[in-house]
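Step one of this worksheet: look at the structure below.
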Amino acid sequence: MNAAAPPLLSAEIGATRLDILVADITTLDVGAIVNAANRSLLGGGGVDGAIHRAAGPELLAECRMLGGCETGSAKITGGHRLKAKHVIHTVGPVWQGGGSDEEGLLAGCYRSALDLAAANSLSSIAYPAISTGIYRFPADLAARIAVGTVASEIAAHPRGITRVVFCCFSPDSAEHHSNAFAELGLA
Ligand code: APR
């Protein structure tokens, strides 16, 4: 991976390195970048829009064949014009106050993406802060779920993944993820 900026923070879990970056996820040269999509998988704003713009129209053409995706699940496509080999499209929960299993669904996004990366023999994956933009999930809670889910999944079953990147789009988002590393004793 040759992310432009050096990681703000790194931690190791076994043979897997977890990095926190502030960067545009479309610039990362990793096995897969994760897209925070909607259930149609037909594009949108935010990181979804950025990924489709960078990947080119062939990505949308491939997504049209997928038949959508359920919240908390994920589907994989090629990376097309991106540096990343693949895009793993996942659908995060819309925040509705916390009483609709939003936390479990968000954890499912991180877990499903790891499973798809492993099923496709990818050794590196980069996540945006899923659901924390248009879907209004509280950013600090989302970061704890993201780091906690990835750390426990990788510790239990590394899946041959040697690098996970939490690709934040602001220093605040990176701080939430750094705090989550610290709370888990990762840094
Ligand atoms: N690189 C990395 N992160 C990014 C980028 C980028 N280029 N652009 C935005 N982000 C960040 C946002 O700042 C936020 O922290 O991605 C996170 C997720 O925000 P959204 O993209 O708004 O995604 P989400 O909150 O999951 O809402 C999904 O938005 O774009 C639509 O089609 C999408 O309906 C779906 C909804």
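Ordering of the structure tokens sets the chain letters (A, B, ...), residue numbers begin anew at 1 in every chain, and ligands are numbered from 1 in the order given.
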Inset, instruction - Find the spatial neighbours of range 150-154 of chain A, counting only C-alpha atoms, within a cut-off of 8 Å - ignore same-chain residues fewer than 2 positions away - and output them as a PyMOL selection string. - result: chain A and resi 13+16+110-111+114+146-148+156-159
Given the selection you just returned, output its residues as a file containing C-alpha atoms, formatted as a CSV table (one decimal), in the first residue's frame.
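Final output, saved to selection27.csv:
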chain,number,residue,atom,x,y,z
A,13,ILE,CA,-2.6,-7.6,16.3
A,16,THR,CA,-1.9,-7.8,11.1
A,110,TYR,CA,-17.0,-4.3,9.2
A,111,ARG,CA,-17.2,-8.1,9.7
A,114,LEU,CA,-13.3,-8.7,6.3
A,146,ALA,CA,-15.3,-0.2,13.9
A,147,VAL,CA,-12.0,-0.7,15.8
A,148,GLY,CA,-13.6,-3.1,18.3
A,156,ALA,CA,-9.8,-14.6,16.5
A,157,HIS,CA,-9.3,-15.3,12.8
A,158,PRO,CA,-6.7,-13.2,10.9
A,159,ARG,CA,-8.0,-14.4,7.5
Inset, instruction - Please identify every polymer residue within 8 Å of ligand 1, using only C-alpha atoms and all ligand atoms, and present the set as an NGL selection string. - result: :A and (22-26 or 36-39 or 41-51 or 91-94 or 127-137 or 139 or 167-170 or 173)
With N, CA and C atoms kept, could you save the residues just selected as a compact mmCIF listing (two decimals), in the first residue's frame?
# COMPACT_ATOMS: atom_id res chain seq x y z
N VAL A 22 -5.53 9.93 7.70
CA VAL A 22 -6.47 10.92 7.17
C VAL A 22 -6.14 11.04 5.69
N ALA A 23 -7.06 10.59 4.84
CA ALA A 23 -6.79 10.57 3.39
C ALA A 23 -8.09 10.41 2.63
N ASP A 24 -8.01 10.64 1.34
CA ASP A 24 -9.11 10.34 0.41
C ASP A 24 -8.98 8.85 0.08
N ILE A 25 -9.95 8.06 0.44
CA ILE A 25 -9.85 6.59 0.30
C ILE A 25 -9.66 6.19 -1.16
N THR A 26 -10.07 7.03 -2.11
CA THR A 26 -9.94 6.64 -3.53
C THR A 26 -8.48 6.65 -3.97
N ALA A 36 -19.09 3.03 1.57
CA ALA A 36 -20.29 3.20 2.40
C ALA A 36 -21.44 3.52 1.45
N ALA A 37 -22.09 2.47 0.99
CA ALA A 37 -23.09 2.59 -0.09
C ALA A 37 -24.50 2.66 0.49
N ASN A 38 -25.48 2.65 -0.40
CA ASN A 38 -26.87 2.48 0.03
C ASN A 38 -27.37 1.16 -0.56
N ARG A 39 -28.56 0.76 -0.18
CA ARG A 39 -29.03 -0.60 -0.50
C ARG A 39 -29.17 -0.84 -2.01
N LEU A 41 -26.99 0.09 -4.23
CA LEU A 41 -25.62 -0.03 -4.78
C LEU A 41 -25.47 0.75 -6.09
N LEU A 42 -26.33 1.74 -6.30
CA LEU A 42 -26.27 2.46 -7.58
C LEU A 42 -25.68 3.85 -7.43
N GLY A 43 -24.85 4.04 -6.39
CA GLY A 43 -24.15 5.31 -6.22
C GLY A 43 -24.93 6.29 -5.36
N GLY A 44 -24.23 7.37 -5.00
CA GLY A 44 -24.85 8.38 -4.12
C GLY A 44 -23.89 9.52 -3.91
N GLY A 45 -23.95 10.12 -2.72
CA GLY A 45 -23.05 11.23 -2.44
C GLY A 45 -21.85 10.73 -1.64
N GLY A 46 -21.33 11.60 -0.79
CA GLY A 46 -20.27 11.21 0.15
C GLY A 46 -19.19 10.35 -0.47
N VAL A 47 -18.74 9.36 0.33
CA VAL A 47 -17.64 8.51 -0.17
C VAL A 47 -18.12 7.65 -1.33
N ASP A 48 -19.41 7.31 -1.34
CA ASP A 48 -19.98 6.53 -2.45
C ASP A 48 -19.78 7.30 -3.77
N GLY A 49 -20.11 8.57 -3.74
CA GLY A 49 -19.95 9.39 -4.95
C GLY A 49 -18.50 9.52 -5.35
N ALA A 50 -17.63 9.69 -4.36
CA ALA A 50 -16.19 9.85 -4.66
C ALA A 50 -15.63 8.58 -5.30
N ILE A 51 -16.03 7.43 -4.75
CA ILE A 51 -15.52 6.16 -5.28
C ILE A 51 -16.02 5.94 -6.70
N VAL A 91 -23.45 -1.60 3.29
CA VAL A 91 -24.54 -0.64 3.57
C VAL A 91 -24.65 -0.49 5.08
N GLY A 92 -24.27 0.68 5.55
CA GLY A 92 -24.35 0.93 6.98
C GLY A 92 -25.76 1.29 7.41
N PRO A 93 -26.03 1.23 8.71
CA PRO A 93 -27.35 1.60 9.23
C PRO A 93 -27.49 3.12 9.30
N VAL A 94 -28.70 3.60 9.07
CA VAL A 94 -29.02 5.00 9.35
C VAL A 94 -29.24 5.10 10.86
N TYR A 127 -11.05 1.04 5.21
CA TYR A 127 -12.44 1.41 5.53
C TYR A 127 -12.59 2.92 5.66
N PRO A 128 -13.70 3.49 5.15
CA PRO A 128 -14.08 4.83 5.57
C PRO A 128 -14.82 4.70 6.90
N ALA A 129 -15.17 5.81 7.49
CA ALA A 129 -15.95 5.77 8.74
C ALA A 129 -17.43 5.58 8.38
N ILE A 130 -17.78 4.34 8.15
CA ILE A 130 -19.10 3.96 7.64
C ILE A 130 -20.22 4.55 8.50
N SER A 131 -21.24 5.07 7.87
CA SER A 131 -22.48 5.58 8.47
C SER A 131 -22.34 6.91 9.21
N THR A 132 -21.13 7.48 9.31
CA THR A 132 -20.95 8.68 10.14
C THR A 132 -21.17 9.97 9.37
N GLY A 133 -21.56 9.89 8.10
CA GLY A 133 -21.86 11.12 7.33
C GLY A 133 -23.35 11.28 7.17
N ILE A 134 -23.83 11.03 5.97
CA ILE A 134 -25.26 11.21 5.65
C ILE A 134 -26.16 10.37 6.57
N TYR A 135 -25.62 9.22 7.03
CA TYR A 135 -26.45 8.34 7.87
C TYR A 135 -26.41 8.71 9.36
N ARG A 136 -25.63 9.74 9.71
CA ARG A 136 -25.70 10.42 11.01
C ARG A 136 -25.39 9.56 12.23
N PHE A 137 -24.65 8.48 12.06
CA PHE A 137 -24.26 7.65 13.21
C PHE A 137 -23.25 8.45 14.05
N ALA A 139 -20.13 9.71 15.60
CA ALA A 139 -18.80 9.33 15.09
C ALA A 139 -17.94 8.64 16.14
N CYS A 167 -9.45 4.68 7.13
CA CYS A 167 -9.16 5.87 6.32
C CYS A 167 -10.15 6.97 6.66
N CYS A 168 -9.72 7.87 7.53
CA CYS A 168 -10.58 8.95 8.01
C CYS A 168 -10.52 10.13 7.06
N PHE A 169 -11.58 10.94 7.08
CA PHE A 169 -11.63 12.08 6.16
C PHE A 169 -11.48 13.40 6.90
N SER A 170 -11.22 13.33 8.18
CA SER A 170 -11.00 14.55 8.97
C SER A 170 -10.17 14.19 10.19
N SER A 173 -12.32 12.68 12.93
CA SER A 173 -12.63 11.26 12.73
C SER A 173 -11.43 10.41 13.12
Quick one: residues within 12 Å of Asp29 in chain A, only C-alpha atoms, excluding same-chain residues fewer than 4 positions away - as a PDB file with N, CA and C atoms, in the first residue's frame?
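Okay, around.pdb is ready:
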ATOM      1  N   MET A   1       0.855  -1.180   0.000  1.00  0.00           N
ATOM      2  CA  MET A   1       0.000   0.000   0.000  1.00  0.00           C
ATOM      3  C   MET A   1       0.902   1.244   0.000  1.00  0.00           C
ATOM      4  N   ASN A   2       0.565   2.236  -0.819  1.00  0.00           N
ATOM      5  CA  ASN A   2       1.423   3.436  -0.780  1.00  0.00           C
ATOM      6  C   ASN A   2       0.558   4.667  -0.535  1.00  0.00           C
ATOM      7  N   ALA A   3      -0.129   4.656   0.626  1.00  0.00           N
ATOM      8  CA  ALA A   3      -0.951   5.816   0.975  1.00  0.00           C
ATOM      9  C   ALA A   3      -0.055   7.055   1.008  1.00  0.00           C
ATOM     10  N   ALA A   4      -0.570   8.174   0.533  1.00  0.00           N
ATOM     11  CA  ALA A   4       0.249   9.388   0.440  1.00  0.00           C
ATOM     12  C   ALA A   4       0.789   9.784   1.813  1.00  0.00           C
ATOM     13  N   ALA A  23      -7.060  10.589   4.838  1.00  0.00           N
ATOM     14  CA  ALA A  23      -6.786  10.574   3.393  1.00  0.00           C
ATOM     15  C   ALA A  23      -8.092  10.408   2.625  1.00  0.00           C
ATOM     16  N   ASP A  24      -8.010  10.644   1.336  1.00  0.00           N
ATOM     17  CA  ASP A  24      -9.109  10.335   0.415  1.00  0.00           C
ATOM     18  C   ASP A  24      -8.980   8.854   0.081  1.00  0.00           C
ATOM     19  N   ILE A  25      -9.948   8.057   0.441  1.00  0.00           N
ATOM     20  CA  ILE A  25      -9.845   6.592   0.300  1.00  0.00           C
ATOM     21  C   ILE A  25      -9.665   6.188  -1.165  1.00  0.00           C
ATOM     22  N   ILE A  33     -10.872  -1.198  -1.188  1.00  0.00           N
ATOM     23  CA  ILE A  33     -11.391  -0.089  -0.384  1.00  0.00           C
ATOM     24  C   ILE A  33     -12.865  -0.396  -0.137  1.00  0.00           C
ATOM     25  N   GLY A  79     -12.097  -2.937  -8.975  1.00  0.00           N
ATOM     26  CA  GLY A  79     -11.756  -1.556  -8.641  1.00  0.00           C
ATOM     27  C   GLY A  79     -11.770  -0.636  -9.854  1.00  0.00           C
ATOM     28  N   ARG A  81     -10.979   1.866 -12.457  1.00  0.00           N
ATOM     29  CA  ARG A  81      -9.892   2.840 -12.619  1.00  0.00           C
ATOM     30  C   ARG A  81      -9.215   3.224 -11.303  1.00  0.00           C
ATOM     31  N   LEU A  82      -9.669   2.642 -10.190  1.00  0.00           N
ATOM     32  CA  LEU A  82      -9.040   2.924  -8.895  1.00  0.00           C
ATOM     33  C   LEU A  82      -7.694   2.209  -8.779  1.00  0.00           C
ATOM     34  N   LYS A  83      -6.827   2.668  -7.891  1.00  0.00           N
ATOM     35  CA  LYS A  83      -5.608   1.903  -7.584  1.00  0.00           C
ATOM     36  C   LYS A  83      -5.968   0.602  -6.861  1.00  0.00           C
ATOM     37  N   ALA A  84      -6.987   0.656  -6.031  1.00  0.00           N
ATOM     38  CA  ALA A  84      -7.407  -0.557  -5.300  1.00  0.00           C
ATOM     39  C   ALA A  84      -7.897  -1.604  -6.291  1.00  0.00           C
ATOM     40  N   LYS A  85      -7.574  -2.873  -5.963  1.00  0.00           N
ATOM     41  CA  LYS A  85      -7.956  -3.965  -6.879  1.00  0.00           C
ATOM     42  C   LYS A  85      -9.468  -4.190  -6.867  1.00  0.00           C
ATOM     43  N   HIS A  86     -10.065  -3.996  -5.688  1.00  0.00           N
ATOM     44  CA  HIS A  86     -11.503  -4.250  -5.537  1.00  0.00           C
ATOM     45  C   HIS A  86     -12.164  -3.122  -4.739  1.00  0.00           C
ATOM     46  N   VAL A  87     -13.481  -3.037  -4.870  1.00  0.00           N
ATOM     47  CA  VAL A  87     -14.304  -2.219  -3.978  1.00  0.00           C
ATOM     48  C   VAL A  87     -15.251  -3.179  -3.250  1.00  0.00           C
ATOM     49  N   SER A 123      -4.949  -9.155   1.014  1.00  0.00           N
ATOM     50  CA  SER A 123      -4.186  -9.032   2.260  1.00  0.00           C
ATOM     51  C   SER A 123      -4.332  -7.642   2.883  1.00  0.00           C
ATOM     52  N   SER A 124      -4.969  -6.704   2.189  1.00  0.00           N
ATOM     53  CA  SER A 124      -5.125  -5.361   2.765  1.00  0.00           C
ATOM     54  C   SER A 124      -6.486  -4.779   2.409  1.00  0.00           C
ATOM     55  N   ILE A 125      -7.043  -4.009   3.362  1.00  0.00           N
ATOM     56  CA  ILE A 125      -8.378  -3.444   3.201  1.00  0.00           C
ATOM     57  C   ILE A 125      -8.406  -2.085   3.885  1.00  0.00           C
ATOM     58  N   ALA A 126      -9.103  -1.130   3.277  1.00  0.00           N
ATOM     59  CA  ALA A 126      -9.234   0.213   3.864  1.00  0.00           C
ATOM     60  C   ALA A 126     -10.716   0.555   4.021  1.00  0.00           C
ATOM     61  N   ARG A 163      -2.961  -6.057   6.619  1.00  0.00           N
ATOM     62  CA  ARG A 163      -3.096  -4.617   6.888  1.00  0.00           C
ATOM     63  C   ARG A 163      -4.548  -4.181   6.797  1.00  0.00           C
ATOM     64  N   VAL A 165      -6.710  -0.543   7.173  1.00  0.00           N
ATOM     65  CA  VAL A 165      -6.581   0.914   7.272  1.00  0.00           C
ATOM     66  C   VAL A 165      -7.935   1.515   7.621  1.00  0.00           C
TER      67      VAL A 165
END
Legend entry - Counting only C-alpha atoms, the residue of A:Val34, A:Leu21, A:Leu28, A:Ala5 that sits nearest Ser178 in chain A: A:Leu21
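For the pair CA of Gln96 in chain A and CA of Ala142 in chain A, the interatomic distance is 13.4 Å.
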Legend entry - Two-atom distance - CA of Lys75 in chain A, CA of Pro7 in chain A (Å): 27.1 Å
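Between CA of Glu62 in chain A and CA of Thr149 in chain A there is a distance of 28.8 Å.
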